[in-house]
Amino acid sequence: MKKFITILTHLNLQTLRFNFKYFPFKQAIRFPVFVASQVQLNQLSGTVSIEGRLWPGKVKIGYGEVGIFDRKQSRSIWQVSGKVIFKGHSDIGHGSKISVSEEGTLILGENFNISAETSLICQRKIEIGADCMLSWDVLLMDTDLHTIKNKAGNIINAPKPIIIGPNVWIGCRTTVLKSTHIPPHAIIAAGSILSKPLEGKEAIFGGNPVRVLKEEVSWHA
């Protein structure tokens, strides 16, 4: 009865469209994904998979509350023609934008969380480990979007993967560009710009260029 009430609370056109587009009927009627009514479903193609046992609202898109934003006016966007893999429970907060191109693969680890207003743009591969949290106004982009060629006509700015280890907290207004690798148990200070592999154990990284600010630290949501 409790599950039925939960489903009714979140049942809207967007939730119906999303689940019955991406999942077989026996999975879709469990409504493993709740989609807020203000989410704009720009492109519902490609594939979506959720690993492990399914339950109503295992993945939530467009919900949450961050006091500095007007949630009613904060519109999430789903634009997917590639592959999205949820390793487990995920909360993608209101105003967040997910864009995965036809050749892109986005992998979100168990217990993944976005607070609000964050953008993930994937043309090749973005992989995020378990227990990661992205604050508001974060941008992850594994592509430059526009092609640059040298005099010989060769592309010199092809997309490159972004890999984020488990238990990583990325602070607000951080930009994570292609070729970035973030080690496990890292904290990324607000306003940082990342574009290369980081080295450091259980460290706070920050600045531009990014550097280790402090080591042997831990964080808790």
# chains A, B, ... in the order shown; residues from 1 in each chain; ligands from 1
$ select_by_dssp --residues "chain A" --states "strand (DSSP E or B)" --output "short mmCIF file (atom, residue, chain, number, x, y, z; two decimals) with N, CA and C atoms, in the first residue's frame"
data_model
loop_
_atom_site.label_atom_id
_atom_site.label_comp_id
_atom_site.auth_asym_id
_atom_site.auth_seq_id
_atom_site.Cartn_x
_atom_site.Cartn_y
_atom_site.Cartn_z
N VAL A 33 11.93 5.00 -12.07
CA VAL A 33 12.38 6.39 -12.21
C VAL A 33 11.19 7.33 -12.00
N PHE A 34 11.33 8.25 -11.06
CA PHE A 34 10.36 9.33 -10.88
C PHE A 34 10.93 10.57 -11.56
N VAL A 35 10.14 11.20 -12.42
CA VAL A 35 10.55 12.39 -13.15
C VAL A 35 9.60 13.53 -12.78
N GLN A 40 12.04 18.84 -18.65
CA GLN A 40 11.84 18.91 -20.09
C GLN A 40 12.54 17.72 -20.74
N LEU A 41 11.78 16.81 -21.30
CA LEU A 41 12.32 15.62 -21.95
C LEU A 41 12.55 15.94 -23.43
N ASN A 42 13.69 16.52 -23.71
CA ASN A 42 13.99 16.97 -25.08
C ASN A 42 14.25 15.81 -26.03
N GLN A 43 14.91 14.78 -25.51
CA GLN A 43 15.24 13.63 -26.37
C GLN A 43 15.20 12.36 -25.53
N LEU A 44 14.30 11.47 -25.88
CA LEU A 44 14.12 10.20 -25.17
C LEU A 44 14.51 9.06 -26.10
N THR A 47 19.63 4.33 -24.60
CA THR A 47 19.22 3.31 -23.63
C THR A 47 19.48 3.80 -22.21
N VAL A 48 18.65 3.32 -21.30
CA VAL A 48 18.84 3.57 -19.87
C VAL A 48 18.74 2.22 -19.15
N SER A 49 19.69 1.93 -18.28
CA SER A 49 19.62 0.71 -17.49
C SER A 49 19.88 1.05 -16.02
N ILE A 50 19.22 0.30 -15.15
CA ILE A 50 19.38 0.46 -13.71
C ILE A 50 19.78 -0.89 -13.15
N VAL A 59 15.50 5.96 -8.91
CA VAL A 59 16.15 7.13 -9.52
C VAL A 59 15.13 8.26 -9.55
N LYS A 60 15.55 9.44 -9.09
CA LYS A 60 14.67 10.61 -9.12
C LYS A 60 15.35 11.71 -9.93
N ILE A 61 14.59 12.33 -10.81
CA ILE A 61 15.10 13.38 -11.68
C ILE A 61 14.24 14.63 -11.52
N GLY A 62 14.89 15.74 -11.13
CA GLY A 62 14.20 17.02 -11.08
C GLY A 62 13.55 17.38 -9.77
N TYR A 63 13.84 16.63 -8.71
CA TYR A 63 13.25 16.91 -7.40
C TYR A 63 14.28 17.62 -6.51
N ILE A 77 16.60 19.28 -17.75
CA ILE A 77 16.52 18.88 -19.15
C ILE A 77 17.16 17.51 -19.31
N TRP A 78 16.47 16.63 -20.04
CA TRP A 78 16.97 15.31 -20.38
C TRP A 78 17.10 15.25 -21.90
N GLN A 79 18.34 15.13 -22.39
CA GLN A 79 18.59 15.09 -23.84
C GLN A 79 19.56 13.93 -24.08
N VAL A 80 19.01 12.76 -24.32
CA VAL A 80 19.83 11.55 -24.36
C VAL A 80 19.56 10.75 -25.62
N LYS A 83 23.97 6.16 -24.11
CA LYS A 83 23.74 5.15 -23.08
C LYS A 83 23.91 5.76 -21.69
N VAL A 84 22.93 5.52 -20.83
CA VAL A 84 23.01 5.96 -19.43
C VAL A 84 22.86 4.73 -18.54
N ILE A 85 23.80 4.54 -17.63
CA ILE A 85 23.79 3.39 -16.73
C ILE A 85 23.75 3.90 -15.28
N PHE A 86 22.70 3.55 -14.57
CA PHE A 86 22.61 3.83 -13.14
C PHE A 86 23.04 2.58 -12.39
N SER A 90 19.89 6.96 -7.31
CA SER A 90 20.41 8.26 -7.73
C SER A 90 19.36 9.34 -7.52
N ASP A 91 19.82 10.52 -7.10
CA ASP A 91 18.98 11.71 -7.00
C ASP A 91 19.60 12.81 -7.84
N ILE A 92 18.91 13.21 -8.92
CA ILE A 92 19.40 14.26 -9.79
C ILE A 92 18.51 15.48 -9.55
N GLY A 93 19.04 16.46 -8.85
CA GLY A 93 18.26 17.57 -8.35
C GLY A 93 17.69 18.48 -9.43
N LYS A 97 20.87 19.38 -15.96
CA LYS A 97 20.78 19.06 -17.38
C LYS A 97 21.65 17.86 -17.70
N ILE A 98 21.06 16.86 -18.34
CA ILE A 98 21.77 15.65 -18.74
C ILE A 98 21.73 15.56 -20.26
N SER A 99 22.91 15.61 -20.89
CA SER A 99 23.00 15.52 -22.35
C SER A 99 24.02 14.44 -22.70
N VAL A 100 23.56 13.37 -23.38
CA VAL A 100 24.43 12.27 -23.78
C VAL A 100 24.21 12.03 -25.27
N THR A 105 28.59 7.48 -23.30
CA THR A 105 28.16 6.60 -22.22
C THR A 105 28.33 7.33 -20.89
N LEU A 106 27.24 7.47 -20.17
CA LEU A 106 27.25 8.11 -18.85
C LEU A 106 26.96 7.04 -17.81
N ILE A 107 27.90 6.87 -16.87
CA ILE A 107 27.76 5.86 -15.82
C ILE A 107 27.73 6.57 -14.47
N LEU A 108 26.64 6.37 -13.74
CA LEU A 108 26.45 7.02 -12.44
C LEU A 108 26.44 5.95 -11.35
N PHE A 112 24.43 8.17 -6.08
CA PHE A 112 24.86 9.39 -6.75
C PHE A 112 23.88 10.50 -6.46
N ASN A 113 24.41 11.72 -6.24
CA ASN A 113 23.55 12.84 -5.89
C ASN A 113 24.01 14.13 -6.53
N ILE A 114 23.04 14.86 -7.13
CA ILE A 114 23.26 16.24 -7.57
C ILE A 114 22.31 17.11 -6.76
N SER A 119 25.17 20.50 -14.79
CA SER A 119 25.08 20.01 -16.17
C SER A 119 26.11 18.93 -16.44
N LEU A 120 25.66 17.82 -17.04
CA LEU A 120 26.54 16.74 -17.48
C LEU A 120 26.40 16.60 -18.99
N ILE A 121 27.50 16.89 -19.72
CA ILE A 121 27.49 16.83 -21.17
C ILE A 121 28.48 15.77 -21.61
N CYS A 122 27.97 14.70 -22.23
CA CYS A 122 28.78 13.52 -22.50
C CYS A 122 28.72 13.14 -23.97
N LYS A 125 32.65 9.47 -22.77
CA LYS A 125 32.40 8.70 -21.55
C LYS A 125 32.61 9.57 -20.32
N ILE A 126 31.62 9.55 -19.44
CA ILE A 126 31.75 10.11 -18.11
C ILE A 126 31.36 9.01 -17.14
N GLU A 127 32.27 8.65 -16.26
CA GLU A 127 32.02 7.60 -15.28
C GLU A 127 32.24 8.14 -13.87
N ILE A 128 31.22 8.03 -13.04
CA ILE A 128 31.26 8.54 -11.68
C ILE A 128 31.05 7.39 -10.71
N MET A 133 28.86 13.17 -4.67
CA MET A 133 27.91 14.28 -4.58
C MET A 133 28.42 15.47 -5.38
N LEU A 134 27.57 16.00 -6.24
CA LEU A 134 27.87 17.20 -7.01
C LEU A 134 27.00 18.33 -6.50
N LEU A 139 29.70 21.91 -13.80
CA LEU A 139 29.67 21.53 -15.21
C LEU A 139 30.66 20.41 -15.44
N LEU A 140 30.19 19.27 -15.95
CA LEU A 140 31.05 18.18 -16.42
C LEU A 140 30.88 18.09 -17.93
N MET A 141 32.00 18.14 -18.66
CA MET A 141 31.92 18.18 -20.11
C MET A 141 33.13 17.45 -20.70
N LYS A 149 40.56 21.81 -36.09
CA LYS A 149 41.47 21.04 -36.94
C LYS A 149 42.76 21.81 -37.18
N ILE A 155 41.68 16.42 -36.63
CA ILE A 155 41.01 16.93 -35.43
C ILE A 155 41.98 16.89 -34.26
N ILE A 162 35.99 11.43 -18.81
CA ILE A 162 36.11 11.95 -17.44
C ILE A 162 35.84 10.78 -16.51
N ILE A 163 36.75 10.54 -15.58
CA ILE A 163 36.60 9.44 -14.62
C ILE A 163 36.67 10.02 -13.21
N ILE A 164 35.65 9.75 -12.43
CA ILE A 164 35.59 10.23 -11.04
C ILE A 164 35.46 9.03 -10.12
N TRP A 169 33.34 14.54 -3.47
CA TRP A 169 32.44 15.69 -3.33
C TRP A 169 33.00 16.82 -4.18
N ILE A 170 32.18 17.30 -5.13
CA ILE A 170 32.58 18.39 -6.01
C ILE A 170 31.80 19.63 -5.63
N THR A 175 34.17 23.45 -12.70
CA THR A 175 34.14 23.00 -14.09
C THR A 175 35.08 21.81 -14.25
N VAL A 176 34.53 20.69 -14.72
CA VAL A 176 35.32 19.47 -14.91
C VAL A 176 35.35 19.18 -16.41
N LEU A 177 36.52 19.31 -17.02
CA LEU A 177 36.65 19.16 -18.46
C LEU A 177 37.22 17.80 -18.83
N HIS A 181 40.68 13.03 -14.30
CA HIS A 181 40.52 11.84 -13.46
C HIS A 181 40.62 12.32 -12.02
N ILE A 182 39.59 12.06 -11.23
CA ILE A 182 39.58 12.46 -9.82
C ILE A 182 39.72 11.21 -8.97
N ILE A 187 37.92 15.82 -2.33
CA ILE A 187 37.03 16.97 -2.22
C ILE A 187 37.54 18.01 -3.20
N ILE A 188 36.66 18.53 -4.03
CA ILE A 188 37.03 19.57 -5.01
C ILE A 188 36.44 20.89 -4.53
N ILE A 193 38.72 24.59 -11.61
CA ILE A 193 38.67 24.18 -13.01
C ILE A 193 39.62 23.00 -13.17
N LEU A 194 39.08 21.85 -13.63
CA LEU A 194 39.85 20.62 -13.74
C LEU A 194 39.93 20.18 -15.19
N PRO A 197 44.38 14.51 -14.99
CA PRO A 197 44.35 13.60 -13.84
C PRO A 197 44.92 14.26 -12.59
N ILE A 204 41.98 17.52 -0.49
CA ILE A 204 41.19 18.64 -1.01
C ILE A 204 41.99 19.26 -2.15
N PHE A 205 41.34 19.36 -3.32
CA PHE A 205 41.96 20.00 -4.48
C PHE A 205 41.23 21.30 -4.75
N GLY A 206 41.96 22.32 -5.21
CA GLY A 206 41.30 23.57 -5.53
C GLY A 206 42.20 24.51 -6.28
N ARG A 211 45.54 22.41 -7.45
CA ARG A 211 46.64 21.86 -6.65
C ARG A 211 46.06 21.24 -5.39
N VAL A 212 46.86 20.45 -4.71
CA VAL A 212 46.44 19.86 -3.44
C VAL A 212 46.47 20.94 -2.36
N LEU A 213 45.35 21.14 -1.70
CA LEU A 213 45.27 22.13 -0.63
C LEU A 213 45.49 21.51 0.74
N LYS A 214 45.03 20.27 0.90
CA LYS A 214 45.17 19.58 2.18
C LYS A 214 44.99 18.09 1.95
#
$ atom_distance --atom1 "atom CA of A:Arg124" --atom2 "atom CA of A:Thr180"
12.9 Å
$ residues_around --residues "A:Gly64" --least-positions-apart "5" --cutoff "8 Å" --atoms "only C-alpha atoms" --output "CSV table (one decimal) with N, CA and C atoms, in the first residue's frame"
chain,number,residue,atom,x,y,z
A,93,GLY,N,19.0,16.5,-8.8
A,93,GLY,CA,18.3,17.6,-8.4
A,93,GLY,C,17.7,18.5,-9.4
A,94,HIS,N,16.8,19.3,-9.0
A,94,HIS,CA,16.0,20.2,-9.9
A,94,HIS,C,17.0,21.1,-10.7
A,115,SER,N,22.8,18.2,-6.2
A,115,SER,CA,21.9,19.0,-5.4
A,115,SER,C,21.0,19.8,-6.3
A,116,ALA,N,21.5,20.5,-7.3
A,116,ALA,CA,20.6,21.3,-8.2
A,116,ALA,C,21.5,21.9,-9.3
$ closest_residue --among "A:Glu65, A:Glu102, A:Glu202, A:Glu110" --to "A:Lys87" --atoms "only C-alpha atoms"
A:Glu110
$ atom_distance --atom1 "atom CA of A:Asp131" --atom2 "atom CA of A:Pro166"
5.9 Å
$ select_by_dssp --residues "chain A" --states "helix (DSSP H, G or I)" --output "VMD selection string"
chain A and resid 2 to 10 13 to 22 25 to 28
$ write_last_selection --atoms "C-alpha atoms" --output "PDB file, in the first residue's frame"
ATOM      1  CA  LYS A   2       2.840   2.375   0.871  1.00  0.00           C
ATOM      2  CA  LYS A   3       4.515   1.747  -2.511  1.00  0.00           C
ATOM      3  CA  PHE A   4       1.197   2.359  -4.303  1.00  0.00           C
ATOM      4  CA  ILE A   5       0.745   5.717  -2.536  1.00  0.00           C
ATOM      5  CA  THR A   6       4.341   6.688  -3.364  1.00  0.00           C
ATOM      6  CA  ILE A   7       3.769   5.925  -7.042  1.00  0.00           C
ATOM      7  CA  LEU A   8       0.525   7.915  -7.123  1.00  0.00           C
ATOM      8  CA  THR A   9       2.272  10.901  -5.542  1.00  0.00           C
ATOM      9  CA  HIS A  10       4.867  10.994  -8.324  1.00  0.00           C
ATOM     10  CA  LEU A  13       3.073  12.438 -17.789  1.00  0.00           C
ATOM     11  CA  GLN A  14       6.851  12.783 -17.584  1.00  0.00           C
ATOM     12  CA  THR A  15       7.234   9.762 -15.294  1.00  0.00           C
ATOM     13  CA  LEU A  16       4.975   7.696 -17.553  1.00  0.00           C
ATOM     14  CA  ARG A  17       6.817   8.698 -20.733  1.00  0.00           C
ATOM     15  CA  PHE A  18      10.254   8.020 -19.293  1.00  0.00           C
ATOM     16  CA  ASN A  19       9.576   4.596 -17.789  1.00  0.00           C
ATOM     17  CA  PHE A  20       7.559   3.149 -20.665  1.00  0.00           C
ATOM     18  CA  LYS A  21      10.061   4.448 -23.206  1.00  0.00           C
ATOM     19  CA  TYR A  22      13.177   2.967 -21.614  1.00  0.00           C
ATOM     20  CA  PHE A  25       6.579  -3.368 -19.415  1.00  0.00           C
ATOM     21  CA  LYS A  26       7.240  -5.538 -16.328  1.00  0.00           C
ATOM     22  CA  GLN A  27       9.935  -3.098 -15.204  1.00  0.00           C
ATOM     23  CA  ALA A  28       8.154   0.079 -16.301  1.00  0.00           C
TER      24      ALA A  28
END
$ atom_distance --atom1 "atom CA of A:Asp144" --atom2 "atom CA of A:Ile156"
10.6 Å
$ residues_around --residues "A:Trp219" --least-positions-apart "2" --cutoff "9 Å" --atoms "only C-alpha atoms" --output "PyMOL selection string"
chain A and resi 167-169+185-187+217+221
$ write_last_selection --atoms "C-alpha atoms" --output "mmCIF file, in the first residue's frame"
data_model
loop_
_atom_site.group_PDB
_atom_site.id
_atom_site.type_symbol
_atom_site.label_atom_id
_atom_site.label_comp_id
_atom_site.auth_asym_id
_atom_site.auth_seq_id
_atom_site.Cartn_x
_atom_site.Cartn_y
_atom_site.Cartn_z
ATOM 1 C CA ASN A 167 33.260 9.057 -2.449
ATOM 2 C CA VAL A 168 34.044 12.344 -4.209
ATOM 3 C CA TRP A 169 32.444 15.687 -3.329
ATOM 4 C CA HIS A 185 37.737 10.180 -1.441
ATOM 5 C CA ALA A 186 38.594 13.582 -2.922
ATOM 6 C CA ILE A 187 37.034 16.969 -2.217
ATOM 7 C CA VAL A 217 40.794 14.527 5.071
ATOM 8 C CA ALA A 221 27.020 14.151 3.312
#
$ decode --residues "stretch 8-150 of chain A" --atoms "C-alpha atoms" --output "JSON list (two decimals), in the first residue's frame"
[["chain", "number", "residue", "atom", "x", "y", "z"],
["A", 8, "LEU", "CA", 0.53, 7.92, -7.12],
["A", 9, "THR", "CA", 2.27, 10.90, -5.54],
["A", 10, "HIS", "CA", 4.87, 10.99, -8.32],
["A", 11, "LEU", "CA", 2.70, 9.81, -11.21],
["A", 12, "ASN", "CA", 2.64, 12.36, -14.01],
["A", 13, "LEU", "CA", 3.07, 12.44, -17.79],
["A", 14, "GLN", "CA", 6.85, 12.78, -17.58],
["A", 15, "THR", "CA", 7.23, 9.76, -15.29],
["A", 16, "LEU", "CA", 4.98, 7.70, -17.55],
["A", 17, "ARG", "CA", 6.82, 8.70, -20.73],
["A", 18, "PHE", "CA", 10.25, 8.02, -19.29],
["A", 19, "ASN", "CA", 9.58, 4.60, -17.79],
["A", 20, "PHE", "CA", 7.56, 3.15, -20.66],
["A", 21, "LYS", "CA", 10.06, 4.45, -23.21],
["A", 22, "TYR", "CA", 13.18, 2.97, -21.61],
["A", 23, "PHE", "CA", 12.08, -0.20, -19.80],
["A", 24, "PRO", "CA", 10.18, -3.40, -20.62],
["A", 25, "PHE", "CA", 6.58, -3.37, -19.41],
["A", 26, "LYS", "CA", 7.24, -5.54, -16.33],
["A", 27, "GLN", "CA", 9.94, -3.10, -15.20],
["A", 28, "ALA", "CA", 8.15, 0.08, -16.30],
["A", 29, "ILE", "CA", 5.07, -0.61, -14.15],
["A", 30, "ARG", "CA", 7.34, -0.58, -11.09],
["A", 31, "PHE", "CA", 8.20, 3.03, -11.98],
["A", 32, "PRO", "CA", 11.89, 2.79, -11.04],
["A", 33, "VAL", "CA", 12.38, 6.39, -12.21],
["A", 34, "PHE", "CA", 10.36, 9.33, -10.88],
["A", 35, "VAL", "CA", 10.55, 12.39, -13.15],
["A", 36, "ALA", "CA", 9.31, 15.75, -11.86],
["A", 37, "SER", "CA", 6.57, 17.40, -13.90],
["A", 38, "GLN", "CA", 8.74, 20.42, -14.82],
["A", 39, "VAL", "CA", 11.49, 18.25, -16.37],
["A", 40, "GLN", "CA", 11.84, 18.91, -20.09],
["A", 41, "LEU", "CA", 12.32, 15.62, -21.95],
["A", 42, "ASN", "CA", 13.99, 16.97, -25.08],
["A", 43, "GLN", "CA", 15.24, 13.63, -26.37],
["A", 44, "LEU", "CA", 14.12, 10.20, -25.17],
["A", 45, "SER", "CA", 16.27, 7.82, -27.17],
["A", 46, "GLY", "CA", 19.36, 5.72, -26.57],
["A", 47, "THR", "CA", 19.22, 3.31, -23.63],
["A", 48, "VAL", "CA", 18.84, 3.57, -19.87],
["A", 49, "SER", "CA", 19.62, 0.71, -17.49],
["A", 50, "ILE", "CA", 19.38, 0.46, -13.71],
["A", 51, "GLU", "CA", 21.44, -2.24, -12.03],
["A", 52, "GLY", "CA", 20.21, -4.30, -9.09],
["A", 53, "ARG", "CA", 16.76, -4.64, -7.55],
["A", 54, "LEU", "CA", 14.15, -2.14, -8.73],
["A", 55, "TRP", "CA", 11.75, -0.16, -6.57],
["A", 56, "PRO", "CA", 9.58, 2.92, -7.16],
["A", 57, "GLY", "CA", 11.72, 6.02, -7.40],
["A", 58, "LYS", "CA", 15.10, 4.30, -7.22],
["A", 59, "VAL", "CA", 16.15, 7.13, -9.52],
["A", 60, "LYS", "CA", 14.67, 10.61, -9.12],
["A", 61, "ILE", "CA", 15.10, 13.38, -11.68],
["A", 62, "GLY", "CA", 14.20, 17.02, -11.08],
["A", 63, "TYR", "CA", 13.25, 16.91, -7.40],
["A", 64, "GLY", "CA", 14.96, 18.27, -4.29],
["A", 65, "GLU", "CA", 15.18, 21.69, -2.69],
["A", 66, "VAL", "CA", 18.05, 24.19, -2.64],
["A", 67, "GLY", "CA", 17.05, 27.42, -0.95],
["A", 68, "ILE", "CA", 18.83, 29.83, -3.31],
["A", 69, "PHE", "CA", 16.88, 28.57, -6.34],
["A", 70, "ASP", "CA", 13.20, 28.78, -7.20],
["A", 71, "ARG", "CA", 12.40, 25.11, -7.64],
["A", 72, "LYS", "CA", 9.12, 25.83, -9.43],
["A", 73, "GLN", "CA", 10.98, 27.80, -12.10],
["A", 74, "SER", "CA", 14.05, 25.53, -12.16],
["A", 75, "ARG", "CA", 13.68, 23.24, -15.15],
["A", 76, "SER", "CA", 15.72, 20.08, -15.63],
["A", 77, "ILE", "CA", 16.52, 18.88, -19.15],
["A", 78, "TRP", "CA", 16.97, 15.31, -20.38],
["A", 79, "GLN", "CA", 18.59, 15.09, -23.84],
["A", 80, "VAL", "CA", 19.83, 11.55, -24.36],
["A", 81, "SER", "CA", 20.55, 9.54, -27.50],
["A", 82, "GLY", "CA", 23.42, 7.48, -26.05],
["A", 83, "LYS", "CA", 23.74, 5.15, -23.08],
["A", 84, "VAL", "CA", 23.01, 5.96, -19.43],
["A", 85, "ILE", "CA", 23.79, 3.39, -16.73],
["A", 86, "PHE", "CA", 22.61, 3.83, -13.14],
["A", 87, "LYS", "CA", 24.58, 1.57, -10.82],
["A", 88, "GLY", "CA", 22.01, 2.07, -8.08],
["A", 89, "HIS", "CA", 20.01, 4.75, -6.29],
["A", 90, "SER", "CA", 20.41, 8.26, -7.73],
["A", 91, "ASP", "CA", 18.98, 11.71, -7.00],
["A", 92, "ILE", "CA", 19.40, 14.26, -9.79],
["A", 93, "GLY", "CA", 18.26, 17.57, -8.35],
["A", 94, "HIS", "CA", 16.03, 20.19, -9.94],
["A", 95, "GLY", "CA", 17.41, 22.32, -12.75],
["A", 96, "SER", "CA", 20.04, 19.74, -13.72],
["A", 97, "LYS", "CA", 20.78, 19.06, -17.38],
["A", 98, "ILE", "CA", 21.77, 15.65, -18.74],
["A", 99, "SER", "CA", 23.00, 15.52, -22.35],
["A", 100, "VAL", "CA", 24.43, 12.27, -23.78],
["A", 101, "SER", "CA", 25.14, 12.03, -27.51],
["A", 102, "GLU", "CA", 24.69, 8.90, -29.60],
["A", 103, "GLU", "CA", 28.25, 7.66, -29.00],
["A", 104, "GLY", "CA", 28.38, 8.74, -25.37],
["A", 105, "THR", "CA", 28.16, 6.60, -22.22],
["A", 106, "LEU", "CA", 27.25, 8.11, -18.85],
["A", 107, "ILE", "CA", 27.76, 5.86, -15.82],
["A", 108, "LEU", "CA", 26.45, 7.02, -12.44],
["A", 109, "GLY", "CA", 27.52, 5.07, -9.36],
["A", 110, "GLU", "CA", 25.43, 3.84, -6.43],
["A", 111, "ASN", "CA", 24.10, 6.64, -4.23],
["A", 112, "PHE", "CA", 24.86, 9.39, -6.75],
["A", 113, "ASN", "CA", 23.55, 12.84, -5.89],
["A", 114, "ILE", "CA", 23.26, 16.24, -7.57],
["A", 115, "SER", "CA", 21.94, 19.02, -5.36],
["A", 116, "ALA", "CA", 20.64, 21.28, -8.20],
["A", 117, "GLU", "CA", 21.39, 23.22, -11.39],
["A", 118, "THR", "CA", 24.31, 21.05, -12.57],
["A", 119, "SER", "CA", 25.08, 20.01, -16.17],
["A", 120, "LEU", "CA", 26.54, 16.74, -17.48],
["A", 121, "ILE", "CA", 27.49, 16.83, -21.17],
["A", 122, "CYS", "CA", 28.78, 13.52, -22.50],
["A", 123, "GLN", "CA", 29.96, 12.68, -26.03],
["A", 124, "ARG", "CA", 32.44, 9.92, -25.17],
["A", 125, "LYS", "CA", 32.40, 8.70, -21.55],
["A", 126, "ILE", "CA", 31.75, 10.11, -18.11],
["A", 127, "GLU", "CA", 32.02, 7.60, -15.28],
["A", 128, "ILE", "CA", 31.26, 8.54, -11.68],
["A", 129, "GLY", "CA", 31.87, 6.15, -8.78],
["A", 130, "ALA", "CA", 29.69, 5.27, -5.82],
["A", 131, "ASP", "CA", 28.74, 7.75, -3.07],
["A", 132, "CYS", "CA", 29.56, 10.89, -5.05],
["A", 133, "MET", "CA", 27.91, 14.28, -4.58],
["A", 134, "LEU", "CA", 27.87, 17.20, -7.01],
["A", 135, "SER", "CA", 26.89, 20.60, -5.70],
["A", 136, "TRP", "CA", 24.98, 23.26, -7.64],
["A", 137, "ASP", "CA", 26.22, 24.94, -10.83],
["A", 138, "VAL", "CA", 28.80, 22.22, -11.55],
["A", 139, "LEU", "CA", 29.67, 21.53, -15.21],
["A", 140, "LEU", "CA", 31.05, 18.18, -16.42],
["A", 141, "MET", "CA", 31.92, 18.18, -20.11],
["A", 142, "ASP", "CA", 34.01, 15.52, -21.88],
["A", 143, "THR", "CA", 33.97, 17.44, -25.17],
["A", 144, "ASP", "CA", 34.74, 20.90, -26.54],
["A", 145, "LEU", "CA", 31.48, 20.61, -28.54],
["A", 146, "HIS", "CA", 33.04, 22.36, -31.56],
["A", 147, "THR", "CA", 35.72, 20.69, -33.69],
["A", 148, "ILE", "CA", 39.19, 22.22, -34.10],
["A", 149, "LYS", "CA", 41.47, 21.04, -36.94],
["A", 150, "ASN", "CA", 45.11, 21.69, -37.74]]
